[in-house]
Each structure stands twice: as C-alpha cells, then as structure tokens.
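Visitor: mmCIF, C-alpha atoms, saved as upload39.cif, coming up:
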data_protein
loop_
_atom_site.group_PDB
_atom_site.id
_atom_site.type_symbol
_atom_site.label_atom_id
_atom_site.label_comp_id
_atom_site.auth_asym_id
_atom_site.auth_seq_id
_atom_site.Cartn_x
_atom_site.Cartn_y
_atom_site.Cartn_z
ATOM 1 C CA MET O 23 36.395 26.580 54.229
ATOM 2 C CA ARG O 24 34.684 27.108 50.938
ATOM 3 C CA SER O 25 33.182 30.452 52.010
ATOM 4 C CA ILE O 26 36.617 31.830 53.052
ATOM 5 C CA PHE O 27 38.079 30.910 49.646
ATOM 6 C CA PHE O 28 35.075 32.491 47.916
ATOM 7 C CA LYS O 29 35.442 35.708 49.947
ATOM 8 C CA ARG O 30 39.158 35.979 49.074
ATOM 9 C CA VAL O 31 38.520 35.449 45.365
ATOM 10 C CA MET O 32 35.747 38.051 45.391
ATOM 11 C CA ALA O 33 38.004 40.506 47.244
ATOM 12 C CA TRP O 34 40.718 40.124 44.560
ATOM 13 C CA LEU O 35 38.180 40.470 41.773
ATOM 14 C CA LEU O 36 37.129 43.793 43.276
ATOM 15 C CA VAL O 37 40.694 45.031 43.954
ATOM 16 C CA ILE O 38 42.234 44.263 40.531
ATOM 17 C CA PRO O 39 39.991 46.635 38.524
ATOM 18 C CA MET O 40 40.521 49.370 41.116
ATOM 19 C CA MET O 41 44.310 48.983 40.765
ATOM 20 C CA ALA O 42 44.054 49.243 36.963
ATOM 21 C CA PHE O 43 41.734 52.269 36.956
ATOM 22 C CA PRO O 44 44.355 54.946 37.802
ATOM 23 C CA ALA O 45 46.642 53.680 35.038
ATOM 24 C CA VAL O 46 43.842 53.853 32.487
ATOM 25 C CA THR O 47 42.719 57.328 33.530
ATOM 26 C CA MET O 48 46.295 58.648 33.722
ATOM 27 C CA GLY O 49 46.954 57.408 30.184
ATOM 28 C CA GLN O 50 43.742 58.950 28.926
ATOM 29 C CA SER O 51 44.456 62.205 30.748
ATOM 30 C CA SER O 52 47.893 62.403 29.137
ATOM 31 C CA LEU O 53 46.372 61.749 25.703
ATOM 32 C CA LEU O 54 43.821 64.508 26.227
ATOM 33 C CA GLN O 55 46.356 67.032 27.532
ATOM 34 C CA ASN O 56 48.586 66.442 24.508
ATOM 35 C CA PHE O 57 45.685 66.459 22.034
ATOM 36 C CA ASN O 58 46.294 68.859 19.167
ATOM 37 C CA PRO O 59 43.195 69.460 17.023
ATOM 38 C CA ASN O 60 45.026 71.412 14.305
ATOM 39 C CA GLY O 61 44.410 69.996 10.842
ATOM 40 C CA VAL O 62 41.823 69.100 8.262
ATOM 41 C CA TRP O 63 38.940 66.969 9.502
ATOM 42 C CA ALA O 64 36.259 65.252 7.412
ATOM 43 C CA ALA O 65 32.673 64.579 8.385
ATOM 44 C CA ASP O 66 32.167 60.824 8.629
ATOM 45 C CA ALA O 67 29.309 61.161 6.118
ATOM 46 C CA GLY O 68 31.947 62.361 3.610
ATOM 47 C CA ASP O 69 29.998 65.462 2.648
ATOM 48 C CA ALA O 70 32.148 68.179 4.257
ATOM 49 C CA ARG O 71 35.646 69.047 5.458
ATOM 50 C CA TYR O 72 36.669 71.433 8.177
ATOM 51 C CA ASP O 73 39.838 73.257 9.158
ATOM 52 C CA VAL O 74 40.162 72.861 12.920
ATOM 53 C CA ALA O 75 42.706 74.876 14.895
ATOM 54 C CA LEU O 76 43.510 76.213 18.315
ATOM 55 C CA CYS O 77 42.853 79.948 18.219
ATOM 56 C CA GLY O 78 42.308 83.000 20.417
ATOM 57 C CA ASP O 79 44.643 82.654 23.376
ATOM 58 C CA GLY O 80 45.810 79.245 22.128
ATOM 59 C CA THR O 81 43.426 77.217 24.273
ATOM 60 C CA GLN O 82 40.264 77.943 22.312
ATOM 61 C CA ILE O 83 39.061 76.039 19.259
ATOM 62 C CA CYS O 84 37.948 77.331 15.867
ATOM 63 C CA VAL O 85 36.228 75.217 13.215
ATOM 64 C CA LYS O 86 35.884 76.506 9.630
ATOM 65 C CA LEU O 87 33.957 74.773 6.831
ATOM 66 C CA ILE O 88 36.424 74.521 3.922
ATOM 67 C CA TRP O 89 34.884 71.983 1.520
ATOM 68 C CA ILE O 90 31.469 70.667 0.593
ATOM 69 C CA LYS O 91 30.996 67.586 -1.564
ATOM 70 C CA PRO O 92 30.087 68.945 -5.034
ATOM 71 C CA ASN O 93 26.792 67.067 -5.342
ATOM 72 C CA GLN O 94 25.778 68.351 -1.872
ATOM 73 C CA ILE O 95 26.251 72.080 -2.608
ATOM 74 C CA ASN O 96 23.091 74.155 -2.530
ATOM 75 C CA GLU O 97 22.165 77.829 -2.081
ATOM 76 C CA ARG O 98 21.856 77.427 1.649
ATOM 77 C CA ASN O 99 25.113 75.627 2.528
ATOM 78 C CA ILE O 100 27.339 77.471 0.029
ATOM 79 C CA GLN O 101 26.913 80.536 2.272
ATOM 80 C CA LEU O 102 28.756 78.674 5.040
ATOM 81 C CA LEU O 103 31.775 77.786 2.910
ATOM 82 C CA ASN O 104 35.023 79.305 4.246
ATOM 83 C CA LYS O 105 33.224 80.602 7.329
ATOM 84 C CA TYR O 106 33.750 79.664 10.960
ATOM 85 C CA VAL O 107 30.969 77.498 12.320
ATOM 86 C CA ILE O 108 32.648 77.596 15.744
ATOM 87 C CA TYR O 109 34.841 80.555 16.656
ATOM 88 C CA GLU O 110 36.876 80.647 19.863
ATOM 89 C CA GLY O 111 35.061 77.837 21.657
ATOM 90 C CA LYS O 112 36.324 77.771 25.232
ATOM 91 C CA ARG O 113 37.672 74.671 26.903
ATOM 92 C CA ALA O 114 34.979 73.378 29.244
ATOM 93 C CA HIS O 115 36.664 70.121 30.286
ATOM 94 C CA LEU O 116 39.863 68.321 29.453
ATOM 95 C CA ALA O 117 38.116 66.607 26.533
ATOM 96 C CA GLU O 118 35.617 69.272 25.452
ATOM 97 C CA TRP O 119 35.279 72.820 24.167
ATOM 98 C CA ARG O 120 32.014 74.768 24.270
ATOM 99 C CA GLY O 121 30.903 77.831 22.383
ATOM 100 C CA LYS O 122 28.458 79.121 19.834
ATOM 101 C CA ILE O 123 27.828 77.452 16.487
ATOM 102 C CA ASP O 124 26.662 79.772 13.745
ATOM 103 C CA ILE O 125 24.769 77.907 11.065
ATOM 104 C CA TYR O 126 22.122 79.066 8.599
ATOM 105 C CA GLY O 127 21.693 82.366 10.441
ATOM 106 C CA MET O 128 21.025 80.656 13.769
ATOM 107 C CA THR O 129 23.319 80.687 16.775
ATOM 108 C CA LEU O 130 23.279 77.438 18.736
ATOM 109 C CA ASP O 131 25.060 76.249 21.850
ATOM 110 C CA GLY O 132 27.745 73.926 20.604
ATOM 111 C CA SER O 133 30.522 71.665 21.690
ATOM 112 C CA VAL O 134 33.510 69.822 20.297
ATOM 113 C CA LYS O 135 34.256 66.658 22.261
ATOM 114 C CA ILE O 136 37.369 64.512 21.862
ATOM 115 C CA LEU O 137 36.482 60.881 21.162
ATOM 116 C CA GLY O 138 40.038 59.792 20.330
ATOM 117 C CA GLN O 139 43.299 61.105 18.908
ATOM 118 C CA ASN O 140 41.767 61.239 15.411
ATOM 119 C CA LYS O 141 38.046 61.584 16.118
ATOM 120 C CA VAL O 142 35.874 64.355 17.575
ATOM 121 C CA LYS O 143 32.138 64.941 17.858
ATOM 122 C CA VAL O 144 30.596 68.321 17.073
ATOM 123 C CA THR O 145 27.159 68.965 18.578
ATOM 124 C CA GLY O 146 24.817 71.922 18.337
ATOM 125 C CA CYS O 147 21.746 72.418 20.513
ATOM 126 C CA ALA O 148 18.833 74.843 20.268
ATOM 127 C CA PHE O 149 17.159 75.733 23.561
ATOM 128 C CA GLY O 150 19.179 72.970 25.243
ATOM 129 C CA LEU O 151 16.671 70.411 23.973
ATOM 130 C CA PHE O 152 17.012 69.910 20.250
ATOM 131 C CA CYS O 153 20.506 68.659 19.524
ATOM 132 C CA GLU O 154 22.184 67.497 16.327
ATOM 133 C CA GLY O 155 25.707 66.177 16.053
ATOM 134 C CA PHE O 156 28.201 64.731 13.651
ATOM 135 C CA THR O 157 31.552 63.042 13.962
ATOM 136 C CA LEU O 158 34.753 64.290 12.345
ATOM 137 C CA SER O 159 37.812 62.181 11.568
ATOM 138 C CA ARG O 160 41.275 63.665 11.107
ATOM 139 C CA MET O 161 42.548 63.723 7.520
ATOM 140 C CA SER O 162 45.849 65.538 8.151
#
Please render this file's structure as structure tokens.
Guide:
Amino acid sequence: MRSIFFKRVMAWLLVIPMMAFPAVTMGQSSLLQNFNPNGVWAADAGDARYDVALCGDGTQICVKLIWIKPNQINERNIQLLNKYVIYEGKRAHLAEWRGKIDIYGMTLDGSVKILGQNKVKVTGCAFGLFCEGFTLSRMS
C-alpha cells in the first residue's frame, strides 16, 4: 500500500514541473520577441555608456560608445568615443546577436545576449578562446 502511494506522489512530482515548463518558456519567448534594445545603456561598472539600437534591416543590432567616465578617459579609449563597437550584429538566436566587435584596432567575434528586459551581456572573443564580457543595464 505504501509503495503505491509513494509511486503516485512521485509521478505527480514529475508531472507538475513538466506542465509548468511550457508556460514559463512561452512567457520568456514572448518577452524576447518583444524585446526592444533601443536606448542608452550603462556598463554595470559605471565607467561607460552606450547607445544601443536596432539597425541595418531592423533586425540587426548596433552598439556605439557615447560616454566614458571622466576619470577613466585615456589616450587609448578616447579613440573609441562616438564609434560603433558593434555594427550590424546579426540575430543568431531569439536572445542573442552576433557580429564583430572593433576595439583598440582589433576585430573580435562578439555577441550581445539578452539577460532580461533591462539587462544585456556583451562579450568579445579572440580566437574563440580568450573572451571578455561586461553587462549593460538600460538607463532609458
């Protein structure tokens, strides 16, 4: 008797999460489809701001450095000010764009990945091995 009760409880414990999964993924999918990156985004470190917009055919993403914290400005990074670090990154997945990141005269493979409605992660990789990333939060 006890083993039948145990089997039924275990069966329900396995079924309930499976029933909830489509609702969670459908909600997330809707959020991602309606995601609009247009606006000013700040690096979580507080040292830079970027203008992020859909560009090209309207499905690509462009990211331009528009502000550097005054005490962080140097000869090297001032050259990037008001320049696109990502230009026409193509949508790779529902939650990610991929393209080239131009920084300090180097071209890296890069991506912009949606972490939430007001948070994205920008990553650049050299040779597919050495990767560096930072998180941006929406300001406006």
Visitor: Which one is closest to Glu118 (chain O): O:Asn104, O:Asn58, O:Ser133, O:Gln94? Count all atoms listed in the file.
Guide: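 When distances to Glu118 (chain O) are compared using all atoms listed in the file, the smallest one comes from O:Ser133.
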Visitor: Which polymer residues have any atom within 10 Å of an atom of region 149-153 of chain O, counting only C-alpha atoms, with same-chain residues fewer than 6 positions away left out, as a ChimeraX atom specification?
Guide: /O:130-132
Visitor: Evaluated on this file, the PyMOL selection byres ((chain O and resi 160) around 10) picks out some residues - which ones are they, written as a ChimeraX atom specification?
Guide: /O:59-66,71-74,139-142,158-159,161-162
Visitor: Which neighbours of region 119-122 of chain O fall inside 9 Å, counting all atoms listed in the file, when residues of the same chain fewer than 3 positions from it are skipped, and could you give them as a list in words?
Guide: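 The residues that qualify are Gln82, Ile83, Val107, Ile108, Tyr109, Glu110, Gly111, Lys112, Arg113, Ala114, His115, Leu116, Thr129, Leu130, Asp131, Gly132, Ser133, Val134, Lys135, Ile136 and Gly146 of chain O.
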Visitor: Enclose all atoms of region 95-113 of chain O listed in the file in an axis-aligned box, grow every side by 8 Å, and hand back centre and edge lengths in Å to one decimal, as AutoDock Vina command-line options.
Guide:
--center_x 29.8 --center_y 76.4 --center_z 12.1 --size_x 31.8 --size_y 24.6 --size_z 45.5
Visitor: Using all atoms listed in the file for the distances, tell me which of O:Thr157, O:Gly78, O:Tyr106, O:Gly68 is nearest to Asn93 (chain O).
Guide: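 Ranking O:Thr157, O:Gly78, O:Tyr106, O:Gly68 by distance to Asn93 (chain O), first place goes to O:Gly68.
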Visitor: In Å, how far is it from CA of Leu87 (chain O) to CA of Phe156 (chain O)?
Guide: 13.4 Å
Visitor: Which value, in Å to one decimal, gives the distance between CA of Leu103 (chain O) and CA of Ala70 (chain O)?
Guide: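 Between CA of Leu103 (chain O) and CA of Ala70 (chain O) the gap works out to 9.7 Å.
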Visitor: Just give me the gap between CA of Lys105 (chain O) and CA of Ile88 (chain O) in Å, one decimal is fine.
Guide: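 Result for CA of Lys105 (chain O) versus CA of Ile88 (chain O): 7.7 Å, one decimal.
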Visitor: Within 10 Å of (21.7, 79.1, 11.1) (file coordinates; all atoms listed in the file), which protein or nucleic acid residues are there? I'd like them as a PyMOL selection string.
Guide: chain O and resi 98-99+102+107+123-130
Visitor: Can you write out the residues you just picked, keeping C-alpha atoms, as a PDB file, in the coordinates of the input?
Guide:
ATOM      1  CA  ARG O  98      21.856  77.427   1.649  1.00  0.00           C
ATOM      2  CA  ASN O  99      25.113  75.627   2.528  1.00  0.00           C
ATOM      3  CA  LEU O 102      28.756  78.674   5.040  1.00  0.00           C
ATOM      4  CA  VAL O 107      30.969  77.498  12.320  1.00  0.00           C
ATOM      5  CA  ILE O 123      27.828  77.452  16.487  1.00  0.00           C
ATOM      6  CA  ASP O 124      26.662  79.772  13.745  1.00  0.00           C
ATOM      7  CA  ILE O 125      24.769  77.907  11.065  1.00  0.00           C
ATOM      8  CA  TYR O 126      22.122  79.066   8.599  1.00  0.00           C
ATOM      9  CA  GLY O 127      21.693  82.366  10.441  1.00  0.00           C
ATOM     10  CA  MET O 128      21.025  80.656  13.769  1.00  0.00           C
ATOM     11  CA  THR O 129      23.319  80.687  16.775  1.00  0.00           C
ATOM     12  CA  LEU O 130      23.279  77.438  18.736  1.00  0.00           C
TER      13      LEU O 130
END
Visitor: Which of these, O:Leu137, O:Ala148, O:Ala67, O:Ala117, has the shortest distance to Lys91 (chain O) once you count only C-alpha atoms?
Guide: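 Of all the options, O:Ala67 lies closest to Lys91 (chain O).
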Visitor: Hey, what's within 9 Å of Gly155 (chain O) if we count only C-alpha atoms and toss same-chain stuff fewer than 5 positions away? As a PyMOL selection string, please?
Guide: chain O and resi 143-147
